[in-house]
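Working notes, structure below.
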Amino acid sequence: MIPPDLERWRLVLGTPAESCMGGLGGGAAERDAALDWLYGRDPDLGRRGVRRGAPGGGKGDRPDDRRGGDGPSQLTTVDWLDAVHRLFPKETIERLERDAVERYEIHEVVTDPAVLERIEPDEALLRAVLRTKHLMNPEVLALARRIVEAVVRQLMERLATEVRHAFHGTRSRRSSRIKNSRNFDFHRTIRANLAHYRPDERRLYIENPRFVSRTRRHVEQWQMILLVDQSGSMVGSVIHAAVTAACLWGLPGLKTHLVAFDTSVVDLTSDVTDPAELLMKVQLGGGTDIARAVGYGAGLVDNPRRAIVAVISDFYEGGDAYRLVREVRRLVEQGTQVLALAALDEAANPSYDREMAQRLADVGAHAGAMTPGQLAEFVAERIGR
């Protein structure tokens, strides 16, 4: 039996290391079986000639060898989930569930009622639900809604704080008599109370705390028009666009629109106040006609110099690329702020057609990627000018 201090290495290296490191027992063997059930599917193992224990097969079978044998019965997805929740810490469970859904596309994780009742909601599962909800029957869809609502609620709570901070004014250098912890000026307080430092105690006593004031933004009526590509690769941006629109909705001086598009255009503004319901209506996939969406967004503009149009897409245009550039140029020339965003999520790691993005930047669009908080700051800055 393998020594306890080598168990971790044996789990990392997998079944091929058993011949030189020894076997596992007890909980370590169960953890190894759970890891092998998932990562034994990796096609790279076959390319490298690595042979592993197959589910339901004998030793030496590959994961895709589905022949009979007298080995242990094959784990179901529900059995596997029960095992990982029992055997691993929370952070590892989240990683395993995410890999099952995103890396190996084990759709049972989001289409099996027994699994949905067991699994912990997170953004990876929300993305999986949105990609596979067309496969779900009404019972499963009702359970999937629990994931959508839970994750949207978490995102709303987190983003609402960033939006409030962006729209409630910036910190000013002027002092304030209003003693509010949010406005506490740490550095000026230290300087103002250095005379009260006691070296023998190594303590600084604060007698005169200092606070800063906040500028108040002058608000005029603006429009925020979010045009979000609902192709499968943009699912993370679709989620955050829905939540961002909900957080911006109802802010004084701002009228928010949310429009989803592929080859057609769907105005979702009427559902903005319920982002969970909105996301359940989104149809991921299909082609991409960005020019058509931008043309629709341009038709929503009331006052060109008080409008921001954010196009959230990977910019692989399936429609008329020349028309897209013309539509963006026309918006910019009339005084509208145009954002060409390759990503709108917390990571803001874009994958996009850089040539098209550059063409849009050349006619005056702001091209790049933003987190939802950065977008809120951009909007607040323009409104406050």
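Chains: A, B, ... in order of the structure tokens. Residues: from 1 per chain. Ligands: from 1, in order shown.
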**OP:** Might you pull out every residue within 12 Å of Pro275 in chain A, with only C-alpha atoms counted and same-chain residues fewer than 3 positions away left off, and present them as a PyMOL selection string?
**Re:** chain A and resi 145+148-156+238-249+258+268-272+278-282
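If you count only C-alpha atoms and ignore residues fewer than 2 places along the chain from Lys255 in chain A, what sits within 8 Å of it is Gln221, Trp222, Gln223, Met224, Trp249, Gly250, Leu251, Gly253 and His257 of chain A.
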Could you write those residues out with N, CA, C and O atoms, as a compact mmCIF listing (two decimals), in the first residue's frame?
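As a result, again-v2.txt now contains:
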# COMPACT_ATOMS: atom_id res chain seq x y z
N GLN A 221 -31.17 63.44 -18.55
CA GLN A 221 -31.71 62.19 -19.09
C GLN A 221 -30.78 61.62 -20.17
O GLN A 221 -30.50 62.28 -21.16
N TRP A 222 -30.30 60.40 -19.95
CA TRP A 222 -29.47 59.69 -20.89
C TRP A 222 -30.12 58.36 -21.23
O TRP A 222 -31.00 57.88 -20.51
N GLN A 223 -29.67 57.75 -22.31
CA GLN A 223 -30.08 56.41 -22.68
C GLN A 223 -28.87 55.48 -22.67
O GLN A 223 -27.79 55.85 -23.12
N MET A 224 -29.09 54.28 -22.15
CA MET A 224 -28.08 53.22 -22.21
C MET A 224 -28.70 52.07 -23.00
O MET A 224 -29.67 51.46 -22.57
N TRP A 249 -31.36 49.78 -14.29
CA TRP A 249 -32.76 50.12 -14.49
C TRP A 249 -33.27 51.00 -13.33
O TRP A 249 -33.08 50.70 -12.17
N GLY A 250 -33.94 52.08 -13.67
CA GLY A 250 -34.55 52.93 -12.65
C GLY A 250 -33.62 53.95 -12.03
O GLY A 250 -34.06 54.74 -11.19
N LEU A 251 -32.33 53.94 -12.42
CA LEU A 251 -31.44 54.98 -11.89
C LEU A 251 -31.89 56.34 -12.42
O LEU A 251 -32.29 56.46 -13.59
N GLY A 253 -32.15 59.67 -14.24
CA GLY A 253 -31.46 60.24 -15.38
C GLY A 253 -31.00 59.23 -16.41
O GLY A 253 -30.30 59.59 -17.35
N HIS A 257 -32.08 50.13 -22.13
CA HIS A 257 -32.66 49.16 -23.07
C HIS A 257 -31.72 47.95 -23.13
O HIS A 257 -30.50 48.09 -23.05
**OP:** May I have the residues within 12 Å of Ser231 in chain A as JSON, numbers by chain, using only C-alpha atoms and disregarding those fewer than 2 positions away in the same chain?
**Re:** {"A": [130, 131, 228, 229, 233, 234, 235, 236, 237, 238, 260, 261, 262, 263, 264, 282, 283, 284, 285, 286, 287, 288, 289, 290, 312, 313, 314, 315, 316, 317, 318]}
Original post:
Residues at most 9 Å from Glu102 in chain A, counting only C-alpha atoms, excluding those fewer than 3 positions away in the same chain, as a list of chain:residue names?
Top reply: A:Glu97, A:Arg98, A:Asp99, A:Glu105, A:Ile106, A:Ala124, A:Leu125, A:Arg127, A:Ala128
Original post:
Leaving out Pro350 in chain A and any residue of its chain fewer than 4 positions from it, which residues lie within 10 Å of it when counting only C-alpha atoms, given as a PyMOL selection string?
Top reply: chain A and resi 234+313-314+341-345+368-370
**OP:** May I have the residues within 10 Å of Gln334 in chain A as a ChimeraX atom specification, using only C-alpha atoms and disregarding those fewer than 6 positions away in the same chain?
**Re:** /A:303-305
Subject >> Backbone-only DSSP, alpha helix (DSSP H) members of range 78-301 of chain A, as a ChimeraX atom specification >> reply: /A:78-87,90-98,108-111,113-118,123-132,138-167,186-192,235-248,275-281,290-300
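What separates CA of Val325 in chain A from CA of Val311 in chain A is a distance of 12.3 Å.
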Original post:
Got a sec: who's within 7 Å of range 373-377 of chain A, counting only C-alpha atoms, leaving out chain neighbours fewer than 4 positions off, as a ChimeraX atom specification?
Top reply: /A:159,162-163,166,381
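CA of Ala348 in chain A sits 12.8 Å away from CA of Ala367 in chain A.
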Original post:
At what distance in Å, to one decimal, does CA of Arg118 in chain A lie from CA of Thr132 in chain A?
Top reply: 17.9 Å
